[in-house]
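One file, input-v3.txt, is given below (compact mmCIF, C-alpha atoms and all ligand atoms).
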# COMPACT_ATOMS: atom_id res chain seq x y z
CA MET A 17 115.33 -28.53 17.50
CA ASN A 18 117.47 -25.89 19.07
CA ILE A 19 119.77 -25.00 16.17
CA LYS A 20 119.85 -21.26 15.59
CA VAL A 21 119.17 -20.35 11.95
CA ALA A 22 120.27 -16.97 10.57
CA PRO A 23 117.35 -14.48 10.67
CA GLU A 24 117.74 -13.80 6.91
CA ILE A 25 117.18 -17.49 6.23
CA ALA A 26 114.30 -17.82 8.69
CA ALA A 27 112.60 -14.84 6.94
CA LEU A 28 113.23 -16.14 3.43
CA VAL A 29 110.15 -16.65 1.24
CA PRO A 30 111.01 -19.68 -0.91
CA TYR A 31 110.83 -19.55 -4.72
CA ARG A 32 107.36 -20.45 -5.88
CA PRO A 33 107.51 -22.22 -9.23
CA GLY A 34 104.49 -22.39 -11.52
CA LYS A 35 101.96 -24.97 -10.35
CA SER A 36 102.82 -28.35 -11.84
CA LEU A 37 100.37 -30.26 -14.01
CA ALA A 38 100.17 -33.07 -11.46
CA GLU A 39 99.44 -30.63 -8.64
CA ALA A 40 96.71 -28.85 -10.62
CA LYS A 41 95.08 -32.18 -11.53
CA ARG A 42 95.07 -33.27 -7.88
CA GLN A 43 93.68 -29.97 -6.64
CA TYR A 44 91.00 -29.32 -9.24
CA GLY A 45 90.08 -32.81 -10.35
CA LEU A 46 90.18 -31.88 -14.04
CA SER A 47 92.04 -34.30 -16.26
CA HIS A 48 93.03 -31.74 -18.88
CA PHE A 49 95.30 -28.81 -18.02
CA ILE A 50 97.39 -26.45 -20.09
CA LYS A 51 100.44 -25.16 -18.22
CA LEU A 52 101.72 -21.78 -19.36
CA ALA A 53 103.33 -20.82 -16.06
CA SER A 54 107.07 -21.52 -16.24
CA ASN A 55 108.48 -20.03 -19.48
CA GLU A 56 109.51 -23.47 -20.67
CA CYS A 57 110.00 -24.45 -24.30
CA PRO A 58 106.55 -25.54 -25.52
CA LEU A 59 107.71 -28.26 -27.91
CA ASP A 60 108.89 -31.74 -26.94
CA LEU A 61 112.54 -32.47 -27.68
CA PRO A 62 113.17 -33.67 -31.26
CA ALA A 63 113.53 -37.42 -31.86
CA ASP A 64 117.13 -36.99 -33.10
CA LEU A 65 118.18 -35.45 -29.82
CA VAL A 66 116.31 -38.05 -27.78
CA SER A 67 118.03 -40.94 -29.57
CA TYR A 68 121.43 -39.21 -29.27
CA LEU A 69 120.89 -38.93 -25.51
CA SER A 70 119.60 -42.51 -25.27
CA GLU A 71 122.87 -43.74 -26.74
CA ALA A 72 124.72 -42.06 -23.87
CA LEU A 73 122.61 -43.65 -21.13
CA PRO A 74 124.71 -46.83 -20.61
CA GLN A 75 127.66 -44.62 -19.66
CA MET A 76 125.81 -42.94 -16.83
CA ASN A 77 127.86 -45.06 -14.42
CA ARG A 78 130.61 -42.45 -14.96
CA TYR A 79 130.93 -38.97 -13.49
CA PRO A 80 130.43 -36.08 -15.91
CA ASP A 81 133.29 -34.06 -17.40
CA PRO A 82 134.21 -31.63 -14.60
CA VAL A 83 135.90 -29.15 -16.97
CA PHE A 84 133.27 -29.10 -19.77
CA PHE A 85 135.95 -29.69 -22.39
CA ASP A 86 133.79 -30.49 -25.45
CA LEU A 87 131.23 -27.82 -24.67
CA LYS A 88 133.87 -25.12 -24.26
CA GLN A 89 135.62 -26.15 -27.48
CA GLU A 90 132.36 -26.09 -29.42
CA LEU A 91 131.38 -22.65 -28.09
CA HIS A 92 134.84 -21.37 -28.79
CA SER A 93 134.93 -22.60 -32.36
CA LYS A 94 131.40 -21.47 -33.13
CA TYR A 95 131.23 -18.11 -31.33
CA LYS A 96 134.90 -17.35 -30.60
CA ILE A 97 134.25 -17.12 -26.87
CA PRO A 98 137.62 -17.52 -25.12
CA VAL A 99 137.76 -20.87 -23.31
CA SER A 100 139.22 -19.19 -20.22
CA LYS A 101 136.19 -16.90 -19.90
CA MET A 102 133.51 -19.61 -19.62
CA SER A 103 132.09 -21.62 -16.79
CA PHE A 104 128.88 -23.61 -16.37
CA GLY A 105 126.27 -24.29 -13.73
CA ASN A 106 123.35 -26.53 -12.88
CA GLY A 107 121.08 -23.99 -14.53
CA SER A 108 122.05 -20.33 -14.49
CA ASN A 109 120.34 -20.29 -11.12
CA GLU A 110 123.33 -22.11 -9.66
CA ILE A 111 125.67 -19.53 -11.16
CA ILE A 112 123.68 -16.70 -9.56
CA ASP A 113 124.07 -18.50 -6.24
CA LEU A 114 127.82 -19.06 -6.80
CA LEU A 115 128.40 -15.43 -7.74
CA ILE A 116 126.79 -14.25 -4.52
CA ARG A 117 128.60 -16.83 -2.39
CA GLY A 118 131.88 -16.14 -4.13
CA PHE A 119 131.88 -12.36 -4.06
CA CYS A 120 129.73 -11.23 -1.12
CA LEU A 121 130.37 -11.38 2.60
CA PRO A 122 127.38 -11.63 4.94
CA GLY A 123 126.03 -8.11 5.34
CA ASP A 124 127.14 -6.97 1.87
CA GLU A 125 124.55 -5.90 -0.65
CA ILE A 126 123.54 -6.65 -4.21
CA LEU A 127 121.63 -4.21 -6.41
CA THR A 128 118.73 -5.09 -8.69
CA SER A 129 115.16 -4.02 -9.46
CA ARG A 130 111.99 -4.76 -7.60
CA GLY A 131 110.21 -6.78 -10.26
CA ALA A 132 113.41 -8.31 -11.64
CA PHE A 133 113.98 -12.09 -11.72
CA ILE A 134 113.50 -13.16 -8.10
CA ALA A 135 116.38 -15.67 -7.89
CA TYR A 136 118.83 -12.81 -7.23
CA LYS A 137 116.96 -11.82 -4.09
CA ILE A 138 116.46 -15.37 -2.82
CA CYS A 139 120.10 -16.38 -3.37
CA ALA A 140 121.24 -13.17 -1.65
CA GLN A 141 119.07 -13.76 1.40
CA ALA A 142 120.24 -17.36 1.64
CA ALA A 143 123.83 -16.05 1.81
CA ARG A 144 122.81 -13.38 4.36
CA VAL A 145 123.42 -10.69 1.77
CA ARG A 146 121.08 -7.70 1.53
CA PRO A 147 119.17 -7.29 -1.75
CA VAL A 148 118.66 -3.60 -2.61
CA GLU A 149 115.71 -3.48 -4.99
CA LEU A 150 114.94 -0.21 -6.76
CA PRO A 151 111.51 0.41 -8.32
CA LEU A 152 110.81 -0.18 -12.00
CA LEU A 153 109.75 2.71 -14.23
CA PRO A 154 105.96 3.12 -14.72
CA ASN A 155 106.27 1.24 -18.04
CA TYR A 156 107.83 -1.67 -16.07
CA GLU A 157 111.30 -1.09 -17.53
CA ILE A 158 114.37 -1.42 -15.29
CA ASP A 159 115.35 2.08 -14.19
CA LEU A 160 119.10 2.34 -14.83
CA GLY A 161 118.89 6.03 -13.88
CA SER A 162 117.98 4.99 -10.34
CA PHE A 163 120.90 2.50 -10.34
CA GLU A 164 123.26 5.35 -11.25
CA ALA A 165 121.80 7.59 -8.54
CA TYR A 166 122.20 4.80 -5.99
CA LEU A 167 125.81 4.11 -6.98
CA GLU A 168 126.69 7.81 -6.86
CA ALA A 169 125.06 8.13 -3.43
CA HIS A 170 127.06 5.18 -2.02
CA PRO A 171 130.59 5.61 -3.31
CA GLY A 172 132.86 2.73 -2.28
CA VAL A 173 130.29 1.20 0.08
CA GLY A 174 127.67 0.12 -2.43
CA PRO A 175 126.76 -3.26 -3.92
CA LYS A 176 129.23 -6.01 -4.75
CA LEU A 177 127.04 -7.30 -7.58
CA ILE A 178 124.49 -5.61 -9.84
CA PHE A 179 121.96 -7.90 -11.55
CA ILE A 180 120.32 -6.72 -14.77
CA PRO A 181 118.11 -9.28 -16.56
CA ASN A 182 117.65 -8.22 -20.16
CA PRO A 183 114.99 -9.00 -21.31
CA ASN A 184 113.58 -9.08 -17.79
CA ASN A 185 111.48 -11.92 -16.42
CA PRO A 186 108.60 -11.63 -15.40
CA THR A 187 107.86 -8.39 -17.29
CA GLY A 188 109.37 -9.13 -20.72
CA ALA A 189 110.65 -5.54 -20.84
CA TYR A 190 113.86 -4.88 -22.73
CA LEU A 191 116.53 -2.25 -22.20
CA SER A 192 117.65 -0.83 -25.51
CA ARG A 193 121.24 -1.25 -26.60
CA LYS A 194 121.71 2.50 -26.17
CA LYS A 195 120.52 2.57 -22.55
CA LEU A 196 122.45 -0.52 -21.54
CA LEU A 197 125.69 0.54 -23.20
CA SER A 198 125.52 4.02 -21.77
CA PHE A 199 125.32 2.46 -18.29
CA LEU A 200 128.15 0.03 -19.05
CA ASP A 201 130.32 2.74 -20.58
CA LYS A 202 130.05 4.53 -17.26
CA TYR A 203 130.50 1.57 -14.88
CA GLY A 204 131.99 -1.24 -16.96
CA GLN A 205 135.53 -0.73 -15.69
CA ARG A 206 134.82 -0.52 -11.99
CA GLU A 207 136.99 -2.65 -9.72
CA ASP A 208 134.64 -2.68 -6.73
CA PHE A 209 131.61 -4.49 -8.17
CA LEU A 210 130.52 -6.86 -10.92
CA ILE A 211 127.65 -6.14 -13.32
CA VAL A 212 125.77 -9.31 -14.25
CA ILE A 213 123.71 -9.12 -17.44
CA ASP A 214 121.32 -12.07 -17.43
CA GLN A 215 120.49 -12.86 -21.07
CA ALA A 216 118.15 -15.82 -20.57
CA TYR A 217 115.87 -14.63 -23.38
CA ASP A 218 118.09 -12.75 -25.81
CA GLU A 219 117.36 -15.11 -28.73
CA PHE A 220 113.74 -13.92 -28.59
CA VAL A 221 114.61 -10.24 -28.94
CA THR A 222 113.12 -8.70 -32.09
CA HIS A 223 113.52 -5.09 -30.97
CA GLY A 224 115.39 -3.11 -33.64
CA ASP A 225 118.88 -3.08 -32.21
CA PRO A 226 120.73 -6.40 -31.85
CA VAL A 227 121.82 -7.59 -28.40
CA PRO A 228 125.46 -6.60 -28.03
CA GLU A 229 128.07 -9.35 -27.49
CA LEU A 230 129.01 -7.90 -24.14
CA TRP A 231 131.66 -10.51 -23.39
CA SER A 232 133.71 -9.38 -26.35
CA ALA A 233 133.49 -5.71 -25.39
CA ASP A 234 136.06 -4.16 -23.15
CA TYR A 235 134.00 -4.20 -19.96
CA LYS A 236 136.21 -5.81 -17.39
CA ASN A 237 133.64 -6.22 -14.61
CA VAL A 238 130.70 -7.30 -16.81
CA CYS A 239 129.51 -10.92 -16.64
CA VAL A 240 127.01 -12.44 -19.07
CA LEU A 241 124.66 -15.25 -18.02
CA LYS A 242 123.09 -17.63 -20.52
CA THR A 243 120.81 -20.62 -20.03
CA TRP A 244 119.81 -23.67 -22.07
CA SER A 245 116.38 -23.73 -20.37
CA LYS A 246 114.53 -21.41 -22.75
CA VAL A 247 115.18 -21.36 -26.51
CA GLN A 248 117.14 -24.65 -26.43
CA GLY A 249 114.37 -26.39 -24.47
CA LEU A 250 116.59 -28.14 -21.91
CA ALA A 251 115.00 -26.86 -18.67
CA GLY A 252 114.78 -30.39 -17.29
CA LEU A 253 118.48 -31.10 -17.78
CA ARG A 254 119.73 -27.89 -16.08
CA LEU A 255 122.51 -25.98 -17.79
CA GLY A 256 123.59 -22.37 -17.50
CA MET A 257 126.73 -20.55 -18.59
CA ILE A 258 128.66 -17.50 -17.47
CA ILE A 259 131.05 -15.56 -19.65
CA ALA A 260 133.28 -13.33 -17.55
CA ASP A 261 136.79 -12.19 -16.77
CA GLU A 262 139.25 -14.97 -15.80
CA PHE A 263 139.32 -13.62 -12.26
CA VAL A 264 135.58 -14.28 -11.88
CA ILE A 265 135.76 -17.72 -13.53
CA ASP A 266 138.59 -18.70 -11.19
CA ILE A 267 136.55 -17.83 -8.09
CA LEU A 268 133.49 -19.72 -9.35
CA ASP A 269 135.54 -22.77 -10.28
CA ARG A 270 136.94 -22.85 -6.76
CA ILE A 271 133.56 -23.00 -5.04
CA ARG A 272 131.34 -24.97 -7.40
CA ASN A 273 130.80 -28.66 -6.87
CA PRO A 274 133.19 -30.60 -9.11
CA PHE A 275 130.46 -32.41 -11.06
CA ASN A 276 127.80 -29.71 -11.05
CA VAL A 277 126.63 -30.24 -14.64
CA ASN A 278 125.49 -33.74 -15.58
CA THR A 279 126.61 -35.61 -18.69
CA LEU A 280 123.26 -35.53 -20.46
CA ALA A 281 123.03 -31.75 -20.08
CA GLN A 282 126.52 -31.32 -21.54
CA LYS A 283 125.77 -33.65 -24.44
CA ALA A 284 122.37 -32.15 -25.19
CA ALA A 285 123.84 -28.64 -25.17
CA LEU A 286 126.46 -29.71 -27.68
CA TRP A 287 123.70 -31.06 -29.89
CA THR A 288 121.73 -27.80 -29.74
CA ILE A 289 124.79 -25.83 -30.81
CA GLN A 290 125.38 -28.18 -33.74
CA ASN A 291 121.70 -28.19 -34.74
CA PRO A 292 120.55 -24.57 -34.94
CA HIS A 293 117.42 -25.59 -36.88
CA TRP A 294 115.99 -26.73 -33.54
CA THR A 295 116.43 -23.39 -31.77
CA ASP A 296 115.23 -21.55 -34.91
CA LYS A 297 112.04 -23.57 -34.73
CA ILE A 298 111.46 -22.65 -31.07
CA LYS A 299 112.21 -19.02 -31.78
CA ASP A 300 109.61 -18.91 -34.59
CA GLN A 301 107.03 -20.68 -32.45
CA VAL A 302 107.54 -18.23 -29.57
CA ILE A 303 107.62 -15.04 -31.62
CA ARG A 304 104.45 -16.05 -33.45
CA GLY A 305 102.64 -17.00 -30.23
CA ARG A 306 103.76 -13.85 -28.47
CA GLU A 307 102.30 -11.74 -31.29
CA GLN A 308 99.07 -13.68 -31.17
CA PHE A 309 98.78 -13.02 -27.39
CA GLN A 310 99.55 -9.33 -27.79
CA ASN A 311 97.05 -8.89 -30.65
CA PHE A 312 94.44 -10.53 -28.47
CA LEU A 313 95.25 -8.26 -25.49
CA ASP A 314 95.08 -5.23 -27.82
CA SER A 315 91.64 -6.33 -29.00
CA LYS A 316 90.51 -6.52 -25.36
CA LYS A 317 92.12 -3.16 -24.51
CA MET A 318 94.22 -4.80 -21.78
CA THR A 319 97.52 -3.31 -20.64
CA TYR A 320 100.60 -5.46 -21.27
CA VAL A 321 104.35 -5.03 -21.66
CA PRO A 322 105.49 -5.52 -25.27
CA SER A 323 107.41 -8.72 -24.66
CA GLN A 324 110.91 -9.66 -25.77
CA GLY A 325 110.74 -13.01 -23.95
CA ASN A 326 108.82 -16.28 -24.43
CA PHE A 327 105.88 -15.01 -22.34
CA VAL A 328 103.57 -12.03 -22.01
CA PHE A 329 103.03 -10.01 -18.82
CA PHE A 330 99.64 -8.32 -18.58
CA ASP A 331 97.47 -6.47 -16.11
CA THR A 332 94.23 -8.29 -15.28
CA THR A 333 92.97 -5.17 -13.41
CA GLN A 334 91.79 -7.46 -10.62
CA ASP A 335 93.33 -9.48 -7.82
CA SER A 336 95.70 -11.82 -9.67
CA SER A 337 95.14 -14.75 -7.27
CA VAL A 338 91.41 -14.66 -7.97
CA PHE A 339 92.06 -14.34 -11.71
CA CYS A 340 94.53 -17.24 -11.79
CA ASP A 341 92.17 -19.36 -9.73
CA GLU A 342 89.35 -18.76 -12.19
CA ALA A 343 91.71 -19.68 -15.04
CA LEU A 344 92.68 -22.88 -13.20
CA LYS A 345 89.06 -23.92 -12.87
CA LYS A 346 88.91 -23.70 -16.66
CA GLY A 347 92.06 -25.79 -17.07
CA LEU A 348 94.68 -23.07 -17.61
CA ILE A 349 97.71 -22.65 -15.32
CA LEU A 350 99.03 -19.07 -15.32
CA ARG A 351 101.64 -17.45 -13.13
CA PRO A 352 100.45 -14.93 -10.52
CA LEU A 353 103.23 -12.55 -9.51
CA LYS A 354 102.43 -11.35 -6.01
CA ASN A 355 105.80 -12.57 -4.75
CA TYR A 356 107.28 -9.97 -7.12
CA GLY A 357 105.01 -7.26 -5.68
CA PHE A 358 102.64 -7.29 -8.69
CA ASN A 359 99.10 -7.64 -7.34
CA THR A 360 97.02 -7.48 -10.52
CA GLU A 361 99.51 -8.53 -13.20
CA VAL A 362 100.09 -12.10 -14.38
CA ARG A 363 102.48 -13.85 -16.75
CA MET A 364 101.50 -16.29 -19.50
CA SER A 365 104.15 -18.30 -21.35
CA VAL A 366 103.83 -19.04 -25.04
CA GLY A 367 102.73 -22.65 -25.69
CA THR A 368 102.09 -24.82 -28.73
CA ASP A 369 99.54 -23.51 -31.25
CA GLU A 370 96.80 -25.63 -29.65
CA GLU A 371 97.74 -24.49 -26.14
CA ASN A 372 97.74 -20.85 -27.22
CA GLU A 373 94.29 -21.23 -28.82
CA PHE A 374 92.96 -22.85 -25.66
CA ALA A 375 94.52 -20.19 -23.41
CA LEU A 376 93.06 -17.30 -25.42
CA GLY A 377 89.66 -19.00 -25.26
CA VAL A 378 89.91 -19.11 -21.46
CA LEU A 379 91.08 -15.48 -21.25
CA ALA A 380 88.23 -14.38 -23.54
CA GLU A 381 85.75 -15.94 -21.11
CA LEU A 382 87.45 -14.36 -18.09
CA PHE A 383 87.54 -10.90 -19.69
CA GLU A 384 83.76 -11.04 -20.42
C1 LIG A 401 114.56 -18.78 -16.73
C2 LIG A 401 115.56 -17.77 -16.31
C3 LIG A 401 116.84 -18.16 -15.97
C4 LIG A 401 117.27 -19.58 -16.19
O1 LIG A 401 117.34 -20.33 -15.12
P1 LIG A 401 117.97 -21.80 -15.23
O2 LIG A 401 118.40 -22.01 -13.85
O3 LIG A 401 119.11 -21.75 -16.21
O4 LIG A 401 116.87 -22.69 -15.69
C5 LIG A 401 117.76 -17.21 -15.59
N1 LIG A 401 117.43 -15.90 -15.56
C6 LIG A 401 116.21 -15.48 -15.91
C7 LIG A 401 115.91 -14.03 -15.92
C8 LIG A 401 115.23 -16.41 -16.26
O5 LIG A 401 114.01 -16.00 -16.56
With the file now loaded, output its structure as structure tokens.
Amino acid sequence: MNIKVAPEIAALVPYRPGKSLAEAKRQYGLSHFIKLASNECPLDLPADLVSYLSEALPQMNRYPDPVFFDLKQELHSKYKIPVSKMSFGNGSNEIIDLLIRGFCLPGDEILTSRGAFIAYKICAQAARVRPVELPLLPNYEIDLGSFEAYLEAHPGVGPKLIFIPNPNNPTGAYLSRKKLLSFLDKYGQREDFLIVIDQAYDEFVTHGDPVPELWSADYKNVCVLKTWSKVQGLAGLRLGMIIADEFVIDILDRIRNPFNVNTLAQKAALWTIQNPHWTDKIKDQVIRGREQFQNFLDSKKMTYVPSQGNFVFFDTTQDSSVFCDEALKKGLILRPLKNYGFNTEVRMSVGTDEENEFALGVLAELFE
């Protein structure tokens, strides 16, 4: 073929998801694997939700609601989010992509951290936008001080979008309310860039200060991203939300595909909002499992980031590919993080009680 592809796209390293169960079984010939590599919800969907979705299946001959009417109404009546400030995507990943396509010209830049969720970088490169990635602090926290220094050093010619995942994936580190708000107080009225706070894990935050409802605050250029993939357990259906100024929503609604969120995802999301006992159950499961992992790592004197997500990030003190390979041979799929620039650290998602037991057994053997 002689079609010229943009150099940014030719150089793009594709997203590497956690190894799937089927792939691991093929490669290692074991029949039993535990997958703790993708931060999914560990519990199967409840029977009530499954039968509710089954009832909708005969109507799958129809296109989905392109304006998310029921979902918006439900979120408005439950959380008072203004209907005009919401839009939805095929996972929040699609919204990240739309934000970059909608607001950046080729050659523009976005600002984030090295070691922040990698979708920002990949979506930027795909749109021929330059990702500026500033280092994390030594404790793996996002360094908002370095963001400020960068913005001050590039007045008027800096990033179009700033991505701050809080809690961050893959580290699990959390920026305190005080740190985040002091940054937003300084930059939350700027007209030349958007600040995107990605709150994929905020239901799992147990850190003293509650996560602020940023969309209700008076920060004109701040966008909040939410996903139904984590605490609601709908990763397979794909649904993400953005809450932002009407100007931002208008741009996204212009460029998204008209039927970007399928009917089952919209229906299932409605169910999760009306049935908070389900998300409470996941939250309890995750917070308990996370503590169990961290107590174990303490007992082994291993370094980890106190996690505010549904996973724990720890330093194996050895080459993470070798470590993850050894774990695989014992039937445990973990996530190595070399594509994030972490050579010895790995991420382990919280599973069911049995999966967690099994995983800690494998780690105990590997730490011998
Ligand atoms: C998992 C995750 C998402 C969610 O992605 P979806 O496309 O909604 O599944 C977004 N941001 C971060 C930081 C995540 O870890």
Go through chain A and flag each residue having an atom no more than 6 Å from ligand LIG 401 (chain A); for those, report the closest pair of atoms plus their distance in Å to one decimal, using all atoms listed in the file, ordered by chain and rising number, as a tab-separated table.
residue	atom	partner	partner_atom	distance
A:Gly107	CA	A:LIG401	O2	3.4
A:Ser108	CA	A:LIG401	O3	3.7
A:Asn109	CA	A:LIG401	O2	3.8
A:Phe133	CA	A:LIG401	C7	5.0
A:Pro181	CA	A:LIG401	C7	5.3
A:Asn184	CA	A:LIG401	C7	5.8
A:Asn185	CA	A:LIG401	O5	4.8
A:Asp214	CA	A:LIG401	N1	5.8
A:Ala216	CA	A:LIG401	C6	5.1
A:Thr243	CA	A:LIG401	O3	4.3
A:Ser245	CA	A:LIG401	O4	4.8
A:Ala251	CA	A:LIG401	O4	5.5
A:Arg254	CA	A:LIG401	O4	5.9
A:Leu255	CA	A:LIG401	O3	5.7
A:Gly256	CA	A:LIG401	O3	4.7
Is there a way to get, as a tab-separated table (two decimals) with C-alpha atoms, in the frame of the given file, all residues within 12 Å of the point (115.3, -2.8, -33.3) in file coordinates, counting all atoms listed in the file?
chain	number	residue	atom	x	y	z
A	190	TYR	CA	113.86	-4.88	-22.73
A	191	LEU	CA	116.53	-2.25	-22.20
A	192	SER	CA	117.65	-0.83	-25.51
A	193	ARG	CA	121.24	-1.25	-26.60
A	194	LYS	CA	121.71	2.50	-26.17
A	221	VAL	CA	114.61	-10.24	-28.94
A	222	THR	CA	113.12	-8.70	-32.09
A	223	HIS	CA	113.52	-5.09	-30.97
A	224	GLY	CA	115.39	-3.11	-33.64
A	225	ASP	CA	118.88	-3.08	-32.21
A	226	PRO	CA	120.73	-6.40	-31.85
A	227	VAL	CA	121.82	-7.59	-28.40
A	324	GLN	CA	110.91	-9.66	-25.77
Show me a table, sorted first by chain and then by increasing residue number, of the residues of segment 69-100 of chain A having an atom at most 10 Å from segment 269-275 of chain A, each with its shortest atom pair and the distance in Å to one decimal, counting only C-alpha atoms and written as a tab-separated table.
residue	atom	partner	partner_atom	distance
A:Tyr79	CA	A:Phe275	CA	7.0
A:Pro80	CA	A:Phe275	CA	6.1
A:Asp81	CA	A:Phe275	CA	7.1
A:Pro82	CA	A:Phe275	CA	5.2
A:Val83	CA	A:Pro274	CA	8.4
A:Phe84	CA	A:Phe275	CA	9.7
Which one is closest to Glu219 of chain A: A:Lys101, A:His170, A:Lys297, A:Lys176? Count all atoms listed in the file.
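That would be A:Lys297, the residue with the smallest distance to Glu219 of chain A.
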As a PDB file with C-alpha atoms, keeping the file's coordinate frame, please: the residues near Asp159 of chain A (cut-off 8 Å, only C-alpha atoms, same-chain neighbours under 4 positions excluded).
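Written output follows (result.pdb):
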ATOM      1  CA  SER A 129     115.160  -4.020  -9.460  1.00  0.00           C
ATOM      2  CA  LEU A 150     114.940  -0.210  -6.760  1.00  0.00           C
ATOM      3  CA  PRO A 151     111.510   0.410  -8.320  1.00  0.00           C
ATOM      4  CA  LEU A 152     110.810  -0.180 -12.000  1.00  0.00           C
ATOM      5  CA  LEU A 153     109.750   2.710 -14.230  1.00  0.00           C
ATOM      6  CA  PHE A 163     120.900   2.500 -10.340  1.00  0.00           C
TER       7      PHE A 163
END
Using only C-alpha atoms, which of the listed residues (A:Val264, A:Leu348, A:Ile111, A:Val66) sits closest to Ser47 of chain A?
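Among the listed residues, A:Leu348 lies closest to Ser47 of chain A.
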To one decimal place in Å, what is the distance between atom CA of Phe179 of chain A and atom CA of Ile138 of chain A?
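Distance between the two atoms: 12.7 Å.
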Excluding Ile50 of chain A and any residue of its chain fewer than 3 positions from it, enumerate the residues within 12 Å of it, using all atoms listed in the file, and give them as number ranges by chain.
A: 34-38, 40-41, 46-47, 53-54, 58, 343-350, 364-378
If we count all atoms listed in the file and set the cut-off at 12 Å, which residues sit around segment 287-293 of chain A, ignoring sequence neighbours fewer than 3 positions away in its own chain? Please answer as number ranges by chain.
A: 61-62, 64-69, 86-95, 219, 244-250, 280-284, 296-300
Which residues, written as a PDB file with C-alpha atoms, in the coordinates of the input, have at least one atom at most 6 Å from Leu210 of chain A, with only C-alpha atoms counted and residues fewer than 3 positions away on the same chain left out?
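Saved the output as part.pdb:
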ATOM      1  CA  LEU A 177     127.040  -7.300  -7.580  1.00  0.00           C
ATOM      2  CA  ASN A 237     133.640  -6.220 -14.610  1.00  0.00           C
ATOM      3  CA  VAL A 238     130.700  -7.300 -16.810  1.00  0.00           C
TER       4      VAL A 238
END
At what distance in Å, to one decimal, does atom CA of Phe329 of chain A lie from atom CA of Ala380 of chain A?
16.1 Å
Please, what distance in Å, to one decimal, runs between atom CA of Leu241 of chain A and atom CA of Tyr136 of chain A?
12.5 Å
Would you mind writing segment 343-358 of chain A with N, CA and C atoms, as an mmCIF file, in the coordinates of the input?
data_model
loop_
_atom_site.group_PDB
_atom_site.id
_atom_site.type_symbol
_atom_site.label_atom_id
_atom_site.label_comp_id
_atom_site.auth_asym_id
_atom_site.auth_seq_id
_atom_site.Cartn_x
_atom_site.Cartn_y
_atom_site.Cartn_z
ATOM 1 N N ALA A 343 91.095 -19.060 -13.859
ATOM 2 C CA ALA A 343 91.710 -19.680 -15.040
ATOM 3 C C ALA A 343 91.961 -21.171 -14.780
ATOM 4 N N LEU A 344 92.418 -21.478 -13.556
ATOM 5 C CA LEU A 344 92.680 -22.880 -13.200
ATOM 6 C C LEU A 344 91.422 -23.728 -13.290
ATOM 7 N N LYS A 345 90.323 -23.162 -12.827
ATOM 8 C CA LYS A 345 89.060 -23.920 -12.870
ATOM 9 C C LYS A 345 88.673 -24.244 -14.306
ATOM 10 N N LYS A 346 89.195 -23.451 -15.248
ATOM 11 C CA LYS A 346 88.910 -23.700 -16.660
ATOM 12 C C LYS A 346 90.032 -24.483 -17.323
ATOM 13 N N GLY A 347 91.015 -24.918 -16.526
ATOM 14 C CA GLY A 347 92.060 -25.790 -17.070
ATOM 15 C C GLY A 347 93.320 -25.087 -17.538
ATOM 16 N N LEU A 348 93.493 -23.808 -17.158
ATOM 17 C CA LEU A 348 94.680 -23.070 -17.610
ATOM 18 C C LEU A 348 95.526 -22.636 -16.416
ATOM 19 N N ILE A 349 96.801 -23.050 -16.404
ATOM 20 C CA ILE A 349 97.710 -22.650 -15.320
ATOM 21 C C ILE A 349 98.510 -21.432 -15.758
ATOM 22 N N LEU A 350 98.278 -20.313 -15.062
ATOM 23 C CA LEU A 350 99.030 -19.070 -15.320
ATOM 24 C C LEU A 350 99.915 -18.794 -14.130
ATOM 25 N N ARG A 351 100.769 -17.782 -14.237
ATOM 26 C CA ARG A 351 101.640 -17.450 -13.130
ATOM 27 C C ARG A 351 101.225 -16.124 -12.484
ATOM 28 N N PRO A 352 100.682 -16.183 -11.251
ATOM 29 C CA PRO A 352 100.450 -14.930 -10.520
ATOM 30 C C PRO A 352 101.791 -14.406 -10.032
ATOM 31 N N LEU A 353 101.911 -13.121 -9.785
ATOM 32 C CA LEU A 353 103.230 -12.550 -9.510
ATOM 33 C C LEU A 353 103.273 -11.730 -8.232
ATOM 34 N N LYS A 354 102.458 -12.138 -7.255
ATOM 35 C CA LYS A 354 102.430 -11.350 -6.010
ATOM 36 C C LYS A 354 103.761 -11.380 -5.276
ATOM 37 N N ASN A 355 104.483 -12.508 -5.418
ATOM 38 C CA ASN A 355 105.800 -12.570 -4.750
ATOM 39 C C ASN A 355 106.786 -11.572 -5.351
ATOM 40 N N TYR A 356 106.465 -11.026 -6.528
ATOM 41 C CA TYR A 356 107.280 -9.970 -7.120
ATOM 42 C C TYR A 356 106.721 -8.585 -6.771
ATOM 43 N N GLY A 357 105.623 -8.549 -6.009
ATOM 44 C CA GLY A 357 105.010 -7.260 -5.680
ATOM 45 C C GLY A 357 103.998 -6.797 -6.723
ATOM 46 N N PHE A 358 103.659 -7.657 -7.692
ATOM 47 C CA PHE A 358 102.640 -7.290 -8.690
ATOM 48 C C PHE A 358 101.318 -7.916 -8.253
#
